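Undergrad: Quick one: the structure is below, and I'll ask about it shortly.
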Amino acid sequence: MKAIVNGKIILKDRITENRALLFSDVIEGIVDADSIPEGYEIIDAKGGYVSPGLIDLHIHGYLGKDVCDGEEESIRTISKGLLANGVTAYQPTTMTEDMKVIKKALEVCRNLKEESKDWDGSIILGCHAEGPFISESKKGAQDPKYILKPDAAFVKEYADIINLITLAPETDTEDFAAIREICRDTDVVVSMGHTSADYETAMKSTEVGVSHVTHLFNAMTPLAHRAPGVVTAAFNSDVSCEVIVDTFHVSPVFYDLLWKIKGRKLCFITDCLPAGGLPEGEYTLGGQKIIYRGIVCRLEDGTVAGSVLHLNKGVWNVYTNSSIPLWECVNSASLNPATTLGIEKTKGSIEVGKDADIIITDSEFNVEKTIIGGKIKYES
């Protein structure tokens with residue numbers, strides 16, 4: 001049994017101080033700092049924050065490794081590297097590639113998922129399949145030659161490892177046959193993204209099962225006063241929404257507005273590429289050359305690709321560029337993603353009985369310790 005003392009404990013609705021967090025493999029309780037039972041191992045937070053572990057719904061790679069490498073070593077490297085960013089659980093994310101490549105990547109993650117629950121790395125919750133069922137006009141950095149029509153049979157075959165799939169609803173049949181089948185026969189979260197759908201199509205898709213939006217604002221029809229688009233549909237429906245919070249993909253001036261509209265349906269993501277955690281330079285993504293400069297990654301033609309964001313930095317970006325309370329910023333990178341995946345009963349917040357997935361940070365949310373299932377997995 002362990003106790004974290006001298007920390008600002010971030011709960012889902014407030015921050016509490018002068019208290020101690022007790023845990024084993026699960027959260028055991030929060031008590032006055034002078035009421036810790038005998039025999040507990042003491043961990044000093046040194047005045048920093050004590051936060052639930054972060055959950056990244058959308059990440060393609062890290063430290064030079066790509067989920068689509070289809071190699072166990074790549075997933076292990078990504079998972080271990082994410083500990084330094086406070087990510088205790090994540091969804092390795094595939095992209096629009098040759099279907100053989102996608103299937104191999106999914107199979108590798110399937111084989112490692114159980115092992116990941118107790119390894120020295122972030123836990124694999126399942127995979128996010130971003131494509132290949134997307135719109136060519138909103139493909140972003142994805143290769144158009146691999147784009148396919150929505151295929152429910154594929155999703156059903158891999159429904160034990162795919163937790164979330166991004167597709168363009170307008171590329172499905174007029175009555176959304178594939179979306180309906182996926183939602184009827186699996187627990188996979190269907191997200192609209194890389195989509196040229198108009199407002200009406202987007203809204204209709206939410207009525208048949210689409211419940212999430214992939215990187216809101218990016219690679220979709222925008223909000224316009226006579227052509228409302230997918231962005232407006234996201235605002236006017238009950239879908240959860242990802243946002244890349246690197247201050248480039250979405251301007252910080254939107255942070256307060258997004259939180260006011262979506263509240264606890266807002267999920268911060270990194271959309272991190274294999275260049276994440278590495279120096280600026282030239283890298284690859286899905287076989288395409290990526291140029292990383294500053295906080296931006298681009299294809300050679302200038303098309304913006306994903307980010308190199310660390311999720312803990314994303315939380316701090318929003319907190320320091322908005323009026324959103326820190327606990328709600330943390331919720332957007334922990335509890336809200338957990339709720340999107342339906343695992344909020346065990347993960348996503350510091351509450352008695354939930355998994356002891358905890359991070360300790362300094363005063364600017366730089367990670368000093370990462371704890372998963374009560375075990376210290378990383379120390380700076």
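The way I read the labels, and the way they are meant: chains A, B, ... in the order of the structure tokens, residue 1 as the first residue of every chain, and ligand 1 as the first ligand shown, with later ones counted on from there.
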Near stretch 355-359 of chain A, within 10 Å and counting only C-alpha atoms, which residues show up once chain neighbours fewer than 3 positions away are dropped, as a ChimeraX atom specification?
TA: /A:22-28,45,49-54,83-89,345-352,365-376,378-379
Undergrad: A:Ile161: which residues within 8 Å, counting only C-alpha atoms, same-chain residues fewer than 6 positions away excluded, as a PyMOL selection string?
TA: chain A and resi 106+109-110+126-127
Undergrad: DSSP on the backbone, strand (DSSP E) only: what residues of stretch 159-305 of chain A does that give? Format it as a PyMOL selection string.
TA: chain A and resi 162-167+189-192+212-213+240-244+266-269+281-285+288-293+296-299
Undergrad: Would you mind telling me which residue in A:Thr339, A:His60, A:Ala3, A:Lys12 lies nearest to A:Gly39 when using only C-alpha atoms?
TA: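 Ranked by minimum distance to A:Gly39, first place goes to A:Ala3.
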Undergrad: For A:Met99, find every residue with an atom within 10 Å (counting only C-alpha atoms), except residues of its own chain fewer than 6 positions away, and show them as a PyMOL selection string.
TA: chain A and resi 105+132+146-148+154
Undergrad: Please dump the current selection as a PDB file, in the first residue's frame; keep N, CA and C atoms.
TA:
```pdb
ATOM      1  N   ALA A 105      -0.888  -4.517 -38.568  1.00  0.00           N
ATOM      2  CA  ALA A 105      -0.754  -3.637 -37.408  1.00  0.00           C
ATOM      3  C   ALA A 105      -1.788  -3.984 -36.341  1.00  0.00           C
ATOM      4  N   PRO A 132      -9.456   3.035 -43.656  1.00  0.00           N
ATOM      5  CA  PRO A 132      -9.275   3.689 -44.956  1.00  0.00           C
ATOM      6  C   PRO A 132     -10.576   4.189 -45.590  1.00  0.00           C
ATOM      7  N   TYR A 146      -5.220   4.243 -51.293  1.00  0.00           N
ATOM      8  CA  TYR A 146      -5.670   3.162 -50.418  1.00  0.00           C
ATOM      9  C   TYR A 146      -7.080   3.383 -49.862  1.00  0.00           C
ATOM     10  N   ILE A 147      -7.732   4.465 -50.281  1.00  0.00           N
ATOM     11  CA  ILE A 147      -9.081   4.756 -49.781  1.00  0.00           C
ATOM     12  C   ILE A 147     -10.072   3.725 -50.301  1.00  0.00           C
ATOM     13  N   LEU A 148     -10.953   3.252 -49.403  1.00  0.00           N
ATOM     14  CA  LEU A 148     -11.972   2.259 -49.740  1.00  0.00           C
ATOM     15  C   LEU A 148     -13.342   2.725 -49.257  1.00  0.00           C
ATOM     16  N   PHE A 154     -15.039  -6.005 -42.391  1.00  0.00           N
ATOM     17  CA  PHE A 154     -13.682  -5.794 -41.878  1.00  0.00           C
ATOM     18  C   PHE A 154     -13.721  -5.358 -40.420  1.00  0.00           C
TER      19      PHE A 154
END
```
Undergrad: Could you please write out, as a ChimeraX atom specification, every residue of stretch 140-364 of chain A that DSSP assigns to helix (DSSP H, G or I)?
TA: /A:144-146,152-157,169-171,177-185,199-208,229-236,252-265,311-320,326-331,335-341
Undergrad: Suppose you want the space between atom CA of A:Asp32 and atom CA of A:Val330; what is it in Å?
TA: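 Distance between the two atoms: 23.2 Å.
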Undergrad: Suppose you want the space between atom CA of A:Gly209 and atom CA of A:Ala224; what is it in Å?
TA: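 Distance reported for this atom pair: 24.8 Å.
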Undergrad: Return the single residue from A:Glu300, A:Thr270, A:Lys145, A:Asp175 that is closest to A:Glu282, with distances computed using only C-alpha atoms.
TA: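 Under the stated criterion, the closest residue is A:Glu300.
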Undergrad: Residues within 8 Å of stretch 241-251 of chain A, please, as a list in words. Count only C-alpha atoms; anything in the same chain fewer than 3 positions from it doesn't count.
TA: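 The residues satisfying every condition are His212, Val213, Thr214, His215, Leu216, Phe217, Asn218, Ala234, Phe254, Tyr255, Lys262, Lys265, Leu266, Cys267, Phe268, Ile269, Thr270, Asp271, Ile295, Val296, Ser307, Leu309, Lys313, Gly314, Val315, Asn317 and Val318 of chain A.
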Undergrad: Could those residues be written to a file, using C-alpha atoms, as an mmCIF file, in the first residue's frame?
TA:
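Final output, saved to again31.cif:
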```cif
data_model
loop_
_atom_site.group_PDB
_atom_site.id
_atom_site.type_symbol
_atom_site.label_atom_id
_atom_site.label_comp_id
_atom_site.auth_asym_id
_atom_site.auth_seq_id
_atom_site.Cartn_x
_atom_site.Cartn_y
_atom_site.Cartn_z
ATOM 1 C CA HIS A 212 -17.669 10.771 -32.106
ATOM 2 C CA VAL A 213 -15.792 13.273 -34.268
ATOM 3 C CA THR A 214 -12.134 12.846 -35.216
ATOM 4 C CA HIS A 215 -9.878 15.904 -34.700
ATOM 5 C CA LEU A 216 -12.651 18.507 -34.819
ATOM 6 C CA PHE A 217 -12.138 21.294 -37.420
ATOM 7 C CA ASN A 218 -9.351 19.405 -39.202
ATOM 8 C CA ALA A 234 -20.676 18.297 -33.969
ATOM 9 C CA PHE A 254 -11.533 28.346 -29.637
ATOM 10 C CA TYR A 255 -10.687 26.507 -26.414
ATOM 11 C CA LYS A 262 -19.131 20.294 -25.621
ATOM 12 C CA LYS A 265 -17.738 15.458 -24.498
ATOM 13 C CA LEU A 266 -14.422 17.173 -25.291
ATOM 14 C CA CYS A 267 -11.390 14.891 -25.685
ATOM 15 C CA PHE A 268 -7.844 16.174 -26.061
ATOM 16 C CA ILE A 269 -5.625 14.144 -28.390
ATOM 17 C CA THR A 270 -2.125 14.408 -29.820
ATOM 18 C CA ASP A 271 -2.500 12.773 -33.274
ATOM 19 C CA ILE A 295 5.433 22.216 -33.690
ATOM 20 C CA VAL A 296 4.230 21.421 -37.226
ATOM 21 C CA SER A 307 1.472 16.660 -34.572
ATOM 22 C CA LEU A 309 2.475 16.925 -29.240
ATOM 23 C CA LYS A 313 1.749 19.553 -22.758
ATOM 24 C CA GLY A 314 -1.606 19.632 -24.508
ATOM 25 C CA VAL A 315 -3.410 19.806 -21.170
ATOM 26 C CA ASN A 317 -1.631 24.435 -23.493
ATOM 27 C CA VAL A 318 -5.377 24.591 -22.946
#
```
Undergrad: I'd like the contact shell of A:Pro144 - 10 Å cut-off, only C-alpha atoms, skipping same-chain residues fewer than 2 positions apart - returned as a list in words.
TA: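 Using only C-alpha atoms, the neighbours found are Thr96, Glu97, Pro132, Ile134, Ser135, Glu136, Ser137, Lys138, Lys139, Gly140, Ala141, Gln142, Tyr146, Ile147 and Leu148 of chain A.
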Undergrad: Write out as a ChimeraX atom specification which residues come within 9 Å of A:Val5 when counting only C-alpha atoms, dropping same-chain ones fewer than 6 positions away.
TA: /A:18-21,33,42-47
Undergrad: Go ahead and save the residues from that selection, with C-alpha atoms, as an mmCIF file, in the first residue's frame.
TA:
```cif
data_model
loop_
_atom_site.group_PDB
_atom_site.id
_atom_site.type_symbol
_atom_site.label_atom_id
_atom_site.label_comp_id
_atom_site.auth_asym_id
_atom_site.auth_seq_id
_atom_site.Cartn_x
_atom_site.Cartn_y
_atom_site.Cartn_z
ATOM 1 C CA ASN A 18 -3.302 18.908 2.330
ATOM 2 C CA ARG A 19 -4.614 15.404 1.713
ATOM 3 C CA ALA A 20 -3.006 12.045 1.011
ATOM 4 C CA LEU A 21 -3.952 9.695 -1.819
ATOM 5 C CA ALA A 33 -2.368 14.181 5.485
ATOM 6 C CA ILE A 42 5.150 7.338 1.347
ATOM 7 C CA ILE A 43 5.631 9.079 -2.010
ATOM 8 C CA ASP A 44 6.323 12.823 -1.828
ATOM 9 C CA ALA A 45 4.721 14.836 -4.634
ATOM 10 C CA LYS A 46 6.898 17.835 -3.619
ATOM 11 C CA GLY A 47 4.064 20.303 -4.049
#
```
Undergrad: Considering only C-alpha atoms, can you say which of A:Asp56, A:Glu38, A:Glu107, A:Glu17 comes closest to A:Asn331?
TA: A:Asp56
